[in-house]
Structures are given as structure tokens and as C-alpha cells.
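One file, data_0.csv, is given below (CSV, C-alpha atoms).
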chain,number,residue,atom,x,y,z
A,24,MET,CA,71.6,125.7,79.9
A,25,GLU,CA,73.7,123.0,81.6
A,26,ARG,CA,74.2,119.7,79.8
A,27,LYS,CA,72.8,116.6,81.3
A,28,THR,CA,75.3,114.1,82.7
A,29,ARG,CA,75.3,110.7,80.9
A,30,LEU,CA,73.9,109.2,84.0
A,31,GLN,CA,70.9,111.6,83.8
A,32,VAL,CA,70.4,110.6,80.2
A,33,LEU,CA,70.3,106.9,81.3
A,34,GLN,CA,67.9,107.8,84.2
A,35,ASP,CA,65.6,109.7,81.8
A,36,HIS,CA,64.9,106.3,80.3
A,37,LEU,CA,64.0,104.4,83.5
A,38,ASP,CA,61.3,101.9,82.6
A,39,LYS,CA,61.7,102.8,78.9
A,40,GLU,CA,63.7,101.6,76.0
A,41,PHE,CA,67.1,103.3,75.9
A,42,THR,CA,67.0,105.2,72.6
A,43,ALA,CA,69.9,107.7,73.3
A,44,SER,CA,72.7,105.3,72.9
A,45,PRO,CA,75.5,106.3,70.4
A,46,SER,CA,75.8,102.6,69.6
A,47,PRO,CA,73.6,101.3,66.7
A,48,PHE,CA,74.1,97.8,67.9
A,49,MET,CA,72.8,98.6,71.4
A,50,LEU,CA,69.7,100.3,69.7
A,51,TRP,CA,69.1,97.1,67.8
A,52,MET,CA,69.0,95.1,71.1
A,53,LYS,CA,66.4,97.5,72.5
A,54,PRO,CA,67.4,97.5,76.2
A,55,ILE,CA,64.9,98.8,78.7
A,56,VAL,CA,66.6,100.7,81.6
A,57,VAL,CA,65.6,99.2,85.0
A,58,VAL,CA,68.3,100.7,87.2
A,59,ALA,CA,70.8,103.4,86.3
A,60,GLU,CA,73.2,104.5,89.1
A,61,GLU,CA,76.8,105.7,88.9
A,62,GLY,CA,78.8,102.6,88.2
A,63,THR,CA,75.9,100.1,87.8
A,64,VAL,CA,73.1,99.5,85.4
A,65,THR,CA,70.3,96.9,85.0
A,66,PHE,CA,68.8,96.5,81.6
A,67,LYS,CA,65.9,94.3,80.6
A,68,TYR,CA,65.6,92.6,77.2
A,69,VAL,CA,63.0,90.5,75.4
A,70,VAL,CA,64.7,87.7,73.5
A,71,ARG,CA,63.6,88.2,69.9
A,72,GLU,CA,63.7,85.7,67.0
A,73,GLU,CA,66.7,87.5,65.4
A,74,MET,CA,68.6,87.1,68.7
A,75,SER,CA,68.3,83.3,68.7
A,76,ASN,CA,70.2,80.3,67.4
A,77,PRO,CA,68.7,77.4,65.4
A,78,ILE,CA,67.1,75.9,68.5
A,79,LYS,CA,65.4,79.2,69.4
A,80,SER,CA,67.5,80.0,72.5
A,81,LEU,CA,69.5,83.2,73.0
A,82,HIS,CA,72.6,83.1,70.8
A,83,GLY,CA,75.8,83.0,72.7
A,84,GLY,CA,77.2,85.9,70.7
A,85,VAL,CA,74.2,88.0,71.5
A,86,THR,CA,74.6,87.1,75.2
A,87,ALA,CA,78.2,88.3,75.0
A,88,ALA,CA,77.1,91.4,73.2
A,89,ILE,CA,74.5,92.2,75.8
A,90,ALA,CA,77.1,91.9,78.5
A,91,ASP,CA,79.6,94.0,76.6
A,92,ASP,CA,77.0,96.8,75.9
A,93,CYS,CA,75.8,96.8,79.5
A,94,ILE,CA,79.4,97.1,80.7
A,95,GLY,CA,79.8,100.0,78.2
A,96,ALA,CA,76.7,101.7,79.6
A,97,THR,CA,78.1,101.3,83.1
A,98,LEU,CA,81.2,103.2,82.1
A,99,PHE,CA,78.9,105.7,80.3
A,100,SER,CA,77.2,106.3,83.7
A,101,LEU,CA,80.5,107.6,85.1
A,102,ASP,CA,80.3,110.6,82.8
A,103,GLU,CA,84.0,110.5,81.9
A,104,GLU,CA,85.2,112.3,78.8
A,105,ASN,CA,87.4,109.5,77.5
A,106,PHE,CA,86.2,106.2,75.9
A,107,TYR,CA,87.2,102.9,77.3
A,108,THR,CA,88.0,100.0,75.0
A,109,THR,CA,87.5,96.4,75.9
A,110,ILE,CA,90.7,94.4,76.4
A,111,ASN,CA,88.9,91.1,77.1
A,112,LEU,CA,85.5,89.7,77.7
A,113,ASN,CA,85.1,86.3,79.4
A,114,VAL,CA,81.6,84.8,79.5
A,115,ASP,CA,80.4,81.7,81.4
A,116,TYR,CA,77.1,80.3,80.1
A,117,PHE,CA,74.9,78.6,82.7
A,118,ALA,CA,71.4,78.3,81.3
A,119,PRO,CA,69.4,79.1,78.2
A,120,ALA,CA,66.9,81.9,77.5
A,121,HIS,CA,64.4,81.3,74.8
A,122,VAL,CA,62.6,83.5,72.2
A,123,GLY,CA,59.9,85.5,74.1
A,124,ASP,CA,61.7,85.3,77.4
A,125,THR,CA,62.5,88.5,79.3
A,126,ILE,CA,66.0,88.7,80.8
A,127,LEU,CA,67.9,91.1,83.0
A,128,ALA,CA,71.5,92.2,82.7
A,129,LYS,CA,73.0,93.7,85.8
A,130,THR,CA,76.5,95.2,86.1
A,131,LEU,CA,78.9,96.0,88.9
A,132,ILE,CA,82.4,97.6,88.8
A,133,ILE,CA,84.8,95.3,90.6
A,134,LYS,CA,87.8,97.5,90.5
A,135,LYS,CA,88.5,100.9,88.9
A,136,GLY,CA,92.0,102.3,88.6
A,137,ARG,CA,93.3,105.3,86.7
A,138,GLN,CA,93.6,103.4,83.4
A,139,PHE,CA,92.0,100.0,83.8
A,140,VAL,CA,88.5,98.9,85.0
A,141,ASN,CA,87.2,95.4,85.7
A,142,VAL,CA,83.5,95.1,85.4
A,143,GLN,CA,81.1,92.1,85.9
A,144,CYS,CA,77.7,91.6,84.2
A,145,GLU,CA,75.3,88.9,85.3
A,146,ILE,CA,72.4,88.0,83.0
A,147,TRP,CA,69.3,86.5,84.8
A,148,ASN,CA,65.9,85.3,83.9
A,149,GLU,CA,63.2,87.9,84.7
A,150,ALA,CA,62.3,86.3,88.1
A,151,GLN,CA,66.1,86.3,89.0
A,152,THR,CA,65.9,82.6,89.9
A,153,ARG,CA,68.1,81.3,87.1
A,154,LEU,CA,71.6,82.7,86.2
A,155,ILE,CA,71.9,82.6,82.4
A,156,ALA,CA,75.5,83.9,82.1
A,157,ARG,CA,78.2,85.8,83.9
A,158,ALA,CA,80.7,88.0,82.1
A,159,TYR,CA,83.9,89.8,83.3
A,160,SER,CA,85.6,92.4,81.3
A,161,ASN,CA,88.8,94.5,81.6
A,162,LEU,CA,88.7,97.8,79.9
A,163,PHE,CA,91.4,100.4,79.1
A,164,LYS,CA,90.9,104.2,79.2
A,165,THR,CA,91.8,105.5,75.8
A,166,ASN,CA,92.9,109.0,74.7
A,167,VAL,CA,89.7,109.2,72.5
A,168,VAL,CA,87.4,111.9,73.8
A,169,LYS,CA,83.6,111.5,73.5
A,170,LYS,CA,81.8,114.1,71.4
A,171,VAL,CA,78.8,115.8,73.0
A,172,LEU,CA,75.7,113.7,72.2
A,173,GLU,CA,72.5,115.4,71.1
A,174,SER,CA,70.9,113.8,74.2
A,175,ASP,CA,73.6,115.4,76.4
A,176,LYS,CA,72.4,118.9,75.6

As C-alpha cells, how would this structure be written, given the file I've shared?
Amino acid sequence: MERKTRLQVLQDHLDKEFTASPSPFMLWMKPIVVVAEEGTVTFKYVVREEMSNPIKSLHGGVTAAIADDCIGATLFSLDEENFYTTINLNVDYFAPAHVGDTILAKTLIIKKGRQFVNVQCEIWNEAQTRLIARAYSNLFKTNVVKKVLESDK
């Protein structure tokens, strides 16, 4: 039996919570897969109380974590054997999201070379009328090879 590509694993979760992530932190954030194509993903999140700051808006660190995890899932969609590590993550914050809000995180590969990748993640309100944050990240291809996930089988 052929193993599923990592993109197929993502696509198996369309309109559902992505429960096949090897990242416990991503599992905690409970992303719902909206779009999964090679080199781009869109995840939906509901802002929960434990994701908020003292004024009940989405914590900036969680916003950055959402961007970082979505960028990681974007590289996961490429089905490459090596891990990429984040070199930097730059986040611009434009508007708040509050507890109970639904937000969308959308990624796009800006440039991919043999060793380095630059990826963008935009986080929007559900209606996509208000940009909450935009992040850019550079990642480096490591020599660490991914093990076969149970969901890959």
C-alpha cells in the first residue's frame, strides 16, 4: 500500500480539525483545514480564552505561533523529507481578534530556493474584511529527515 503524501493528509482534513500534526502545540491550537494545496494552506481558528491576553484579545505570541505553525504546514504540504527550521519570523499586527472570534490564516510561498524558503502568512477576520496580522518567515532546510508519521501510512 502506498503511503499518503503529506498534502493528502492535510486534504483528508478539509473542513475538519487537523488532528494529524506531529506538533503538540499545533494540536492545542485546533486548526480547521480550509484550503490545502501544494505550497499554500488556509486554516481557521476560533479564538479561545486560553489564547487571549488580559483584555480578551488574541495574544500576540499566539498570533505569531499561528503564523509559524501555518508556515510549517505549508512546508509540510511540499512532502519533502527534510525538516526546515525557522531563521526568523517577523510579525506586523494591525487589528485585534477577540475571544469567540473566528480567524483565518493564509500562507503563500514567496521564494523557494534549494536551501532557503521565504513564506508569508496573513491572518484575517472570518469575513476577510480586516487584516489582523501579516508575518514573513525565512526557513532553512536542515539535514534532519522526517520519520514516517502514522497518518502517512

Pick the closest to Val167 in chain A from A:Phe41, A:Tyr107, A:Phe117, A:Trp147: which is it, counting all atoms listed in the file?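 Answer, going by the shortest atom-to-atom distance: A:Tyr107.
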
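Take the candidates A:Leu50, A:Val69, A:Val57, A:Cys93 and check each one against Ile126 in chain A using only C-alpha atoms; the shortest distance goes to A:Val69.
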
Interatomic distance, CA of Asp124 in chain A to CA of Glu40 in chain A (Å, one decimal): 16.5 Å

If we count only C-alpha atoms, what is near Val140 in chain A at a cut-off of 7 Å, once residues fewer than 6 positions away on the same chain are taken out, given as a PDB file with C-alpha atoms, in the frame of the given file?
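out17.pdb was written with the following content:
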ATOM      1  CA  LYS A 134      87.800  97.500  90.500  1.00  0.00           C
ATOM      2  CA  ASN A 161      88.800  94.500  81.600  1.00  0.00           C
ATOM      3  CA  LEU A 162      88.700  97.800  79.900  1.00  0.00           C
ATOM      4  CA  PHE A 163      91.400 100.400  79.100  1.00  0.00           C
TER       5      PHE A 163
END

Counting only C-alpha atoms, the residue of A:Val56, A:Ile94, A:Ile146, A:Ala128 that sits nearest Ser160 in chain A: A:Ile94
